[in-house]
file protein.cif (mmCIF, C-alpha atoms)
data_query
loop_
_atom_site.label_atom_id
_atom_site.label_comp_id
_atom_site.auth_asym_id
_atom_site.auth_seq_id
_atom_site.Cartn_x
_atom_site.Cartn_y
_atom_site.Cartn_z
CA MET A 1 57.19 98.44 112.59
CA HIS A 2 59.94 96.14 111.39
CA LYS A 3 60.82 93.85 114.30
CA LEU A 4 64.57 93.43 114.71
CA ALA A 5 65.91 91.09 117.38
CA VAL A 6 69.48 90.54 118.56
CA ALA A 7 70.46 87.15 119.93
CA VAL A 8 72.51 87.48 123.14
CA THR A 9 74.25 84.50 124.70
CA ASP A 10 76.85 84.02 127.41
CA GLY A 11 80.27 85.35 126.49
CA VAL A 12 79.21 87.37 123.46
CA PRO A 13 81.91 89.97 122.62
CA ILE A 14 80.71 93.40 123.68
CA PHE A 15 81.81 95.26 120.53
CA GLU A 16 79.89 93.06 118.13
CA LEU A 17 76.85 93.25 120.42
CA SER A 18 77.07 97.04 120.58
CA ILE A 19 76.99 97.43 116.77
CA PRO A 20 73.33 96.45 116.22
CA CYS A 21 72.37 98.29 119.41
CA GLU A 22 73.89 101.51 118.03
CA VAL A 23 72.58 101.15 114.48
CA PHE A 24 69.08 99.81 115.13
CA GLY A 25 68.39 100.44 118.82
CA TYR A 26 67.78 104.21 118.81
CA GLU A 27 64.75 106.01 117.44
CA ARG A 28 65.88 108.26 114.59
CA PRO A 29 62.80 110.27 113.57
CA LYS A 30 64.85 112.77 111.54
CA LEU A 31 66.16 109.94 109.38
CA ALA A 32 63.17 107.64 109.05
CA SER A 33 59.96 106.96 110.90
CA PRO A 34 59.14 104.35 111.89
CA TRP A 35 62.65 103.05 112.54
CA TYR A 36 62.97 99.54 114.03
CA ASP A 37 61.11 97.74 116.79
CA PHE A 38 64.34 96.75 118.50
CA ARG A 39 64.64 94.02 121.10
CA LEU A 40 67.34 92.00 122.84
CA CYS A 41 66.66 88.30 123.27
CA ALA A 42 68.60 86.34 125.89
CA ALA A 43 68.22 83.56 128.43
CA PRO A 44 67.98 84.67 132.09
CA GLY A 45 71.37 85.28 133.69
CA THR A 46 73.19 85.87 130.40
CA ARG A 47 76.37 87.92 130.62
CA THR A 48 78.62 89.30 127.91
CA ALA A 49 82.36 88.65 127.63
CA ALA A 50 82.94 91.89 129.53
CA GLY A 51 80.65 90.79 132.36
CA PHE A 52 77.69 93.04 131.49
CA ALA A 53 74.20 91.67 132.06
CA PRO A 54 71.94 92.83 129.21
CA GLU A 55 68.45 94.00 130.04
CA ALA A 56 66.67 91.61 127.72
CA ARG A 57 62.89 91.51 127.92
CA HIS A 58 62.61 88.54 125.60
CA GLY A 59 64.01 85.04 125.67
CA LEU A 60 65.65 83.38 122.71
CA ASP A 61 62.25 82.04 121.63
CA GLY A 62 61.41 85.66 120.81
CA LEU A 63 63.70 85.45 117.76
CA ALA A 64 60.97 83.59 115.89
CA GLU A 65 58.71 86.65 116.13
CA ALA A 66 61.22 88.98 114.47
CA ASP A 67 61.44 90.11 110.86
CA THR A 68 65.23 90.38 111.14
CA VAL A 69 67.51 88.51 113.55
CA VAL A 70 71.07 89.67 114.21
CA ILE A 71 73.57 87.11 115.54
CA PRO A 72 76.69 88.84 116.93
CA ALA A 73 80.03 87.07 117.20
CA CYS A 74 80.00 83.81 119.13
CA ALA A 75 81.87 83.39 122.38
CA ASN A 76 84.32 80.77 121.07
CA VAL A 77 84.55 79.35 117.55
CA LEU A 78 86.19 76.18 118.90
CA ASP A 79 83.19 75.25 121.05
CA ASP A 80 79.90 73.77 119.92
CA GLN A 81 77.42 76.61 119.65
CA PRO A 82 74.67 76.73 122.33
CA ALA A 83 71.91 74.33 121.36
CA ASP A 84 69.13 76.72 122.44
CA LEU A 85 70.60 79.47 120.27
CA VAL A 86 71.00 77.19 117.25
CA GLU A 87 67.42 75.97 117.56
CA ALA A 88 66.07 79.51 118.05
CA VAL A 89 67.92 80.77 114.96
CA ARG A 90 66.67 77.83 112.91
CA ALA A 91 63.09 78.49 114.09
CA ALA A 92 63.41 82.17 113.18
CA HIS A 93 64.54 81.23 109.68
CA GLU A 94 61.63 78.81 109.29
CA SER A 95 59.32 81.67 110.33
CA GLY A 96 60.67 83.79 107.46
CA ALA A 97 63.09 86.03 109.34
CA ARG A 98 66.06 87.64 107.61
CA LEU A 99 69.23 86.48 109.39
CA VAL A 100 72.27 88.73 109.81
CA SER A 101 75.48 87.41 111.36
CA LEU A 102 78.35 89.61 112.48
CA CYS A 103 81.94 88.33 112.51
CA THR A 104 82.00 84.76 113.88
CA GLY A 105 78.22 84.71 114.23
CA ALA A 106 78.43 82.79 110.95
CA PHE A 107 79.44 79.74 113.01
CA VAL A 108 75.98 79.78 114.60
CA LEU A 109 74.28 79.88 111.21
CA ALA A 110 76.54 77.09 109.96
CA ALA A 111 75.79 74.96 113.04
CA ALA A 112 72.10 75.38 112.28
CA GLY A 113 72.70 74.08 108.76
CA LEU A 114 71.49 77.34 107.25
CA LEU A 115 74.65 78.07 105.27
CA ASP A 116 74.89 74.74 103.46
CA GLY A 117 75.49 75.40 99.78
CA ARG A 118 75.46 79.17 100.32
CA PRO A 119 78.18 81.84 100.21
CA ALA A 120 79.24 83.24 103.57
CA THR A 121 82.07 85.18 105.16
CA THR A 122 83.51 85.65 108.62
CA HIS A 123 86.64 87.10 110.20
CA TRP A 124 89.64 86.22 108.02
CA MET A 125 91.40 84.67 111.02
CA HIS A 126 88.61 82.08 111.37
CA ALA A 127 87.58 81.57 107.74
CA GLY A 128 89.69 78.42 107.45
CA GLN A 129 88.10 76.95 110.56
CA LEU A 130 84.63 77.70 109.22
CA ALA A 131 85.44 76.00 105.93
CA ASP A 132 87.02 72.97 107.65
CA ARG A 133 84.21 72.39 110.14
CA PHE A 134 81.40 73.09 107.69
CA PRO A 135 82.61 72.00 104.24
CA LYS A 136 79.21 72.58 102.63
CA VAL A 137 79.56 76.33 103.23
CA ARG A 138 81.06 78.37 100.37
CA VAL A 139 83.38 80.49 102.50
CA ASP A 140 84.72 83.73 100.98
CA ALA A 141 87.27 85.43 103.23
CA SER A 142 87.99 88.26 100.77
CA VAL A 143 84.88 90.39 101.27
CA LEU A 144 83.54 92.68 103.99
CA TYR A 145 80.04 91.19 103.85
CA ILE A 146 77.79 88.99 101.75
CA ASP A 147 74.10 89.61 101.08
CA ASP A 148 72.54 86.30 99.99
CA GLY A 149 68.96 87.47 100.25
CA ASP A 150 67.48 86.15 103.48
CA ILE A 151 70.89 85.39 105.03
CA LEU A 152 73.65 88.00 105.34
CA THR A 153 77.12 87.50 106.84
CA SER A 154 79.90 89.93 107.65
CA ALA A 155 83.66 89.78 108.10
CA GLY A 156 85.42 90.53 111.36
CA THR A 157 84.55 93.08 114.01
CA ALA A 158 84.15 96.52 112.37
CA ALA A 159 82.81 94.94 109.17
CA GLY A 160 79.65 94.33 111.19
CA LEU A 161 79.06 98.08 110.94
CA ASP A 162 79.37 97.87 107.16
CA LEU A 163 76.77 95.13 107.02
CA CYS A 164 74.36 96.87 109.41
CA LEU A 165 74.57 100.03 107.30
CA HIS A 166 73.86 97.87 104.26
CA VAL A 167 70.74 96.57 106.01
CA VAL A 168 69.64 100.16 106.68
CA ARG A 169 70.34 101.00 103.02
CA THR A 170 68.20 98.05 101.93
CA ASP A 171 65.33 98.96 104.26
CA HIS A 172 65.35 102.77 104.08
CA GLY A 173 67.42 103.77 101.06
CA ALA A 174 70.89 105.12 100.36
CA ALA A 175 70.15 108.66 101.60
CA VAL A 176 69.14 107.45 105.06
CA ALA A 177 72.10 105.07 105.28
CA GLY A 178 74.45 107.87 104.22
CA ALA A 179 73.06 110.23 106.84
CA LEU A 180 73.40 107.58 109.53
CA ALA A 181 76.99 106.86 108.44
CA ARG A 182 77.84 110.53 108.87
CA ARG A 183 76.40 110.45 112.38
CA LEU A 184 78.58 107.42 113.10
CA VAL A 185 81.57 109.24 111.56
CA MET A 186 82.29 106.47 109.09
CA PRO A 187 81.97 105.96 105.33
CA ALA A 188 78.59 104.78 104.08
CA HIS A 189 80.39 102.13 102.05
CA ARG A 190 84.01 101.04 102.34
CA PRO A 191 85.65 99.95 99.10
CA GLY A 192 87.48 96.67 98.86
CA GLY A 193 87.37 93.68 101.16
CA GLN A 194 89.22 91.99 104.01
CA ALA A 195 92.35 91.56 101.92
CA GLN A 196 93.41 95.14 102.63
CA TYR A 197 93.69 94.26 106.34
CA ILE A 198 95.75 91.09 105.93
CA GLY A 199 99.53 90.99 105.55
CA ALA A 200 100.22 90.13 101.92
CA GLY A 201 103.46 88.14 102.03
CA THR A 202 103.13 84.37 101.94
CA PRO A 203 104.85 83.03 105.08
CA VAL A 204 107.65 80.52 104.72
CA GLN A 205 106.43 77.35 106.43
CA GLU A 206 109.79 75.69 106.98
CA ALA A 207 113.41 76.81 107.16
CA ASP A 208 115.49 75.22 104.44
CA GLU A 209 118.23 76.07 101.99
CA LEU A 210 115.99 78.64 100.28
CA GLY A 211 116.11 80.97 103.28
CA PRO A 212 119.15 82.96 102.09
CA LEU A 213 117.64 83.24 98.60
CA LEU A 214 114.37 84.61 99.94
CA ASP A 215 116.21 87.14 102.08
CA TRP A 216 118.29 88.19 99.07
CA ALA A 217 115.19 88.57 96.90
CA ARG A 218 113.55 90.82 99.48
CA ARG A 219 116.59 93.13 99.31
CA HIS A 220 116.53 93.23 95.49
CA LEU A 221 112.86 93.74 94.74
CA HIS A 222 113.66 96.71 92.52
CA GLU A 223 115.55 94.47 90.13
CA PRO A 224 113.97 92.50 87.24
CA LEU A 225 113.95 89.14 89.03
CA THR A 226 113.05 86.07 86.98
CA ILE A 227 112.90 82.36 87.75
CA ALA A 228 116.15 81.90 85.80
CA ALA A 229 117.86 84.66 87.81
CA LEU A 230 116.65 83.21 91.10
CA ALA A 231 117.76 79.72 90.06
CA ARG A 232 121.24 80.99 89.20
CA ARG A 233 121.43 82.73 92.57
CA ALA A 234 120.48 79.48 94.32
CA ASN A 235 122.78 77.46 92.05
CA VAL A 236 120.00 75.08 91.01
CA THR A 237 118.00 74.45 87.86
CA PRO A 238 114.72 76.37 87.35
CA ARG A 239 112.75 73.12 87.73
CA THR A 240 114.46 72.33 91.04
CA LEU A 241 113.88 75.87 92.23
CA ILE A 242 110.17 75.66 91.47
CA ARG A 243 109.88 72.33 93.33
CA ARG A 244 111.77 73.59 96.39
CA PHE A 245 109.93 76.88 96.36
CA HIS A 246 106.56 75.16 96.46
CA ALA A 247 107.71 72.91 99.31
CA ALA A 248 108.97 75.88 101.34
CA THR A 249 106.28 78.49 100.63
CA GLY A 250 103.32 76.61 99.22
CA THR A 251 103.34 78.72 96.06
CA THR A 252 105.38 79.49 92.92
CA PRO A 253 108.44 81.79 92.84
CA MET A 254 106.64 84.45 90.83
CA ALA A 255 103.49 84.38 92.98
CA TRP A 256 105.61 84.67 96.13
CA LEU A 257 107.63 87.50 94.61
CA ARG A 258 104.50 89.38 93.56
CA GLY A 259 103.08 89.05 97.09
CA ILE A 260 106.29 90.37 98.65
CA ARG A 261 106.32 93.29 96.22
CA ILE A 262 102.73 94.16 97.04
CA ASP A 263 103.58 93.89 100.73
CA HIS A 264 106.47 96.33 100.25
CA ALA A 265 104.19 98.67 98.30
CA ARG A 266 101.75 98.68 101.20
CA GLU A 267 104.56 99.58 103.58
CA LEU A 268 105.69 102.47 101.37
CA LEU A 269 102.12 103.73 100.97
CA GLU A 270 101.66 103.67 104.73
CA THR A 271 104.97 105.20 105.79
CA THR A 272 106.09 107.54 102.99
CA SER A 273 104.71 110.23 100.71
CA LEU A 274 106.44 108.81 97.64
CA PRO A 275 104.42 109.13 94.42
CA VAL A 276 102.98 105.97 92.94
CA ASP A 277 105.46 105.87 90.06
CA GLN A 278 108.41 105.79 92.48
CA ILE A 279 106.74 103.11 94.57
CA ALA A 280 106.19 101.03 91.43
CA ASP A 281 109.89 101.38 90.59
CA ARG A 282 111.16 100.59 94.10
CA THR A 283 108.99 97.49 94.42
CA GLY A 284 109.91 96.12 91.01
CA LEU A 285 106.34 96.30 89.76
CA GLY A 286 107.42 98.54 86.88
CA SER A 287 104.82 101.05 85.79
CA PRO A 288 102.16 102.77 87.91
CA ALA A 289 99.51 101.00 85.83
CA ASN A 290 101.04 97.61 86.64
CA LEU A 291 101.22 98.52 90.33
CA ARG A 292 97.58 99.62 90.36
CA HIS A 293 96.50 96.43 88.58
CA HIS A 294 98.25 93.98 90.89
CA PHE A 295 97.67 96.01 94.05
CA THR A 296 93.94 96.34 93.44
CA ARG A 297 93.64 92.68 92.50
CA THR A 298 95.48 91.56 95.65
CA VAL A 299 94.38 94.08 98.26
CA GLY A 300 90.94 94.94 96.93
CA VAL A 301 91.39 98.72 96.70
CA PRO A 302 93.63 100.97 94.54
CA PRO A 303 96.91 102.26 96.02
CA THR A 304 95.57 105.80 96.47
CA ALA A 305 92.53 104.58 98.41
CA TYR A 306 94.74 102.37 100.56
CA ARG A 307 97.03 105.31 101.33
CA ARG A 308 94.09 107.52 102.36
CA THR A 309 93.02 104.89 104.87
CA PHE A 310 96.34 103.74 106.30
CA SER A 311 98.99 106.42 105.68
CA SER A 312 100.83 107.51 108.83
CA THR A 313 102.01 110.62 106.97
CA ALA A 314 98.54 111.85 106.04
#
call {"tool": "encode", "arguments": {"input": "protein.cif", "output": "structure tokens"}}
result
Amino acid sequence: MHKLAVAVTDGVPIFELSIPCEVFGYERPKLASPWYDFRLCAAPGTRTAAGFAPEARHGLDGLAEADTVVIPACANVLDDQPADLVEAVRAAHESGARLVSLCTGAFVLAAAGLLDGRPATTHWMHAGQLADRFPKVRVDASVLYIDDGDILTSAGTAAGLDLCLHVVRTDHGAAVAGALARRLVMPAHRPGGQAQYIGAGTPVQEADELGPLLDWARRHLHEPLTIAALARRANVTPRTLIRRFHAATGTTPMAWLRGIRIDHARELLETTSLPVDQIADRTGLGSPANLRHHFTRTVGVPPTAYRRTFSSTA
């Protein structure tokens, strides 16, 4: 049987720990047999963030005996990762194990030096920290998970389910993964990436004389706004506007405007039943084709798919 071990350390978030337990920890003879030789590996006295004490029959040194090792989210991304965990994960990799991190578990892999020069993802809230602390890692915060062969990483929280289903799909085929997804009452594969769960508007980093202009632009998204029109409204030259805009928002006027329009489109998709052509008109994105192009490029899924997932009127 394929040996699959889950690394459990003090303070591990219970949800991320429960994901591999649910996906891999139950015998499923009607789906595939054999399934997985599942085991929890933890040091004596380990407790989760919720205070539960896992019944682990193996210590962390047992990770080196596994074919696949799952590293759930770490207790705190600001702390140094436990040395015994880092060494155990490194030993497992040297023994040929496939490593799978969920959410901020990528910080453990990075601390072990196993992500150097490789693509990886983590929760979008912590992607910047991962990139800053481990500059050799090619961090991609736009995706739900990354399969880089022997090392796989997932985005935040529920994206761990997406990655674990992907592992099942790799090991047992699409039909088995699809059947398991139905049992879990979730899609076998979610389209798009993390971008659909992040607010789209670029935040203004400092209050300055552009504040009134930005507020005015938000109220006039349906109009054909150009740099020249915005500059006239602010009573400055286009060049001055571009310079001030970059200082205030970190981006260009048109990029900021496009982000705000996409953000407004998301709001309308979530809260109204307006057809796509009317949403395109109200947001100033013009045609439905233009809306679909920019929305999909920014959010990662088409407007109709986004509405199916997030609409409060559905």
call {"tool": "closest_atom_pairs", "arguments": {"input": "protein.cif", "of": "segment 124-156 of chain A", "to": "segment 89-98 of chain A", "cutoff": "12 Å", "atoms": "only C-alpha atoms", "output": "tab-separated table"}}
result
residue	atom	partner	partner_atom	distance
A:Asp147	CA	A:Arg98	CA	10.5
A:Asp148	CA	A:Arg98	CA	10.1
A:Gly149	CA	A:Arg98	CA	7.9
A:Asp150	CA	A:Arg98	CA	4.6
A:Ile151	CA	A:Arg98	CA	5.9
A:Leu152	CA	A:Arg98	CA	7.9
A:Thr153	CA	A:Arg98	CA	11.1
call {"tool": "residues_around", "arguments": {"input": "protein.cif", "residues": "Ala229 of chain A", "least_positions_apart": "2", "cutoff": "12 Å", "atoms": "all atoms listed in the file", "output": "list in words"}}
result
Leu213, Trp216, Ala217, His220, Glu223, Pro224, Leu225, Thr226, Ile227, Ala231, Arg232, Arg233, Ala234, Asn235, Val236, Thr237, Pro238, Leu241, Pro253 and Met254 of chain A
call {"tool": "write_last_selection", "arguments": {"input": "protein.cif", "atoms": "C-alpha atoms", "output": "PDB file, in the frame of the given file"}}
result
ATOM      1  CA  LEU A 213     117.640  83.240  98.600  1.00  0.00           C
ATOM      2  CA  TRP A 216     118.290  88.190  99.070  1.00  0.00           C
ATOM      3  CA  ALA A 217     115.190  88.570  96.900  1.00  0.00           C
ATOM      4  CA  HIS A 220     116.530  93.230  95.490  1.00  0.00           C
ATOM      5  CA  GLU A 223     115.550  94.470  90.130  1.00  0.00           C
ATOM      6  CA  PRO A 224     113.970  92.500  87.240  1.00  0.00           C
ATOM      7  CA  LEU A 225     113.950  89.140  89.030  1.00  0.00           C
ATOM      8  CA  THR A 226     113.050  86.070  86.980  1.00  0.00           C
ATOM      9  CA  ILE A 227     112.900  82.360  87.750  1.00  0.00           C
ATOM     10  CA  ALA A 231     117.760  79.720  90.060  1.00  0.00           C
ATOM     11  CA  ARG A 232     121.240  80.990  89.200  1.00  0.00           C
ATOM     12  CA  ARG A 233     121.430  82.730  92.570  1.00  0.00           C
ATOM     13  CA  ALA A 234     120.480  79.480  94.320  1.00  0.00           C
ATOM     14  CA  ASN A 235     122.780  77.460  92.050  1.00  0.00           C
ATOM     15  CA  VAL A 236     120.000  75.080  91.010  1.00  0.00           C
ATOM     16  CA  THR A 237     118.000  74.450  87.860  1.00  0.00           C
ATOM     17  CA  PRO A 238     114.720  76.370  87.350  1.00  0.00           C
ATOM     18  CA  LEU A 241     113.880  75.870  92.230  1.00  0.00           C
ATOM     19  CA  PRO A 253     108.440  81.790  92.840  1.00  0.00           C
ATOM     20  CA  MET A 254     106.640  84.450  90.830  1.00  0.00           C
TER      21      MET A 254
END
call {"tool": "resolve_selection", "arguments": {"input": "protein.cif", "expression": "the PyMOL selection byres ((chain A and resi 186) around 12)", "output": "list in words"}}
result
Ala158, Ala159, Leu161, Asp162, Leu165, Ala177, Gly178, Ala179, Leu180, Ala181, Arg182, Arg183, Leu184, Val185, Pro187, Ala188, His189, Arg190 and Thr309 of chain A
call {"tool": "resolve_selection", "arguments": {"input": "protein.cif", "expression": "the PyMOL selection byres ((chain A and resi 137-143) around 12)", "output": "number ranges by chain"}}
result
A: 103-104, 106-107, 109-136, 144-148, 153-156, 159-160, 162-163, 190-198, 297-301
call {"tool": "closest_residue", "arguments": {"input": "protein.cif", "among": "A:Val86, A:Leu31, A:Ala56, A:Ala7", "to": "Ile71 of chain A", "atoms": "only C-alpha atoms"}}
result
A:Ala7
call {"tool": "atom_distance", "arguments": {"input": "protein.cif", "atom1": "atom CA of Tyr306 of chain A", "atom2": "atom CA of Asn290 of chain A"}}
result
16.0 Å
call {"tool": "residues_around", "arguments": {"input": "protein.cif", "residues": "His58 of chain A", "least_positions_apart": "3", "cutoff": "7 Å", "atoms": "all atoms listed in the file", "output": "PyMOL selection string"}}
result
chain A and resi 40-42+62
call {"tool": "axis_aligned_box", "arguments": {"input": "protein.cif", "around": "segment 46-56 of chain A", "padding_each_side": "8 Å", "output": "AutoDock Vina command-line options"}}
result
--center_x 74.8 --center_y 89.9 --center_z 130.0 --size_x 32.3 --size_y 24.1 --size_z 20.7
call {"tool": "atom_distance", "arguments": {"input": "protein.cif", "atom1": "atom CA of Glu16 of chain A", "atom2": "atom CA of Cys74 of chain A"}}
result
9.3 Å
call {"tool": "atom_distance", "arguments": {"input": "protein.cif", "atom1": "atom CA of Leu214 of chain A", "atom2": "atom CA of Arg239 of chain A"}}
result
16.8 Å
call {"tool": "resolve_selection", "arguments": {"input": "protein.cif", "expression": "the PyMOL selection byres ((chain A and resi 69) around 6)", "output": "PyMOL selection string"}}
result
chain A and resi 4-6+68+70+99
call {"tool": "residues_around", "arguments": {"input": "protein.cif", "residues": "Arg307 of chain A", "least_positions_apart": "4", "cutoff": "7 Å", "atoms": "all atoms listed in the file", "output": "number ranges by chain"}}
result
A: 269-270, 303, 311
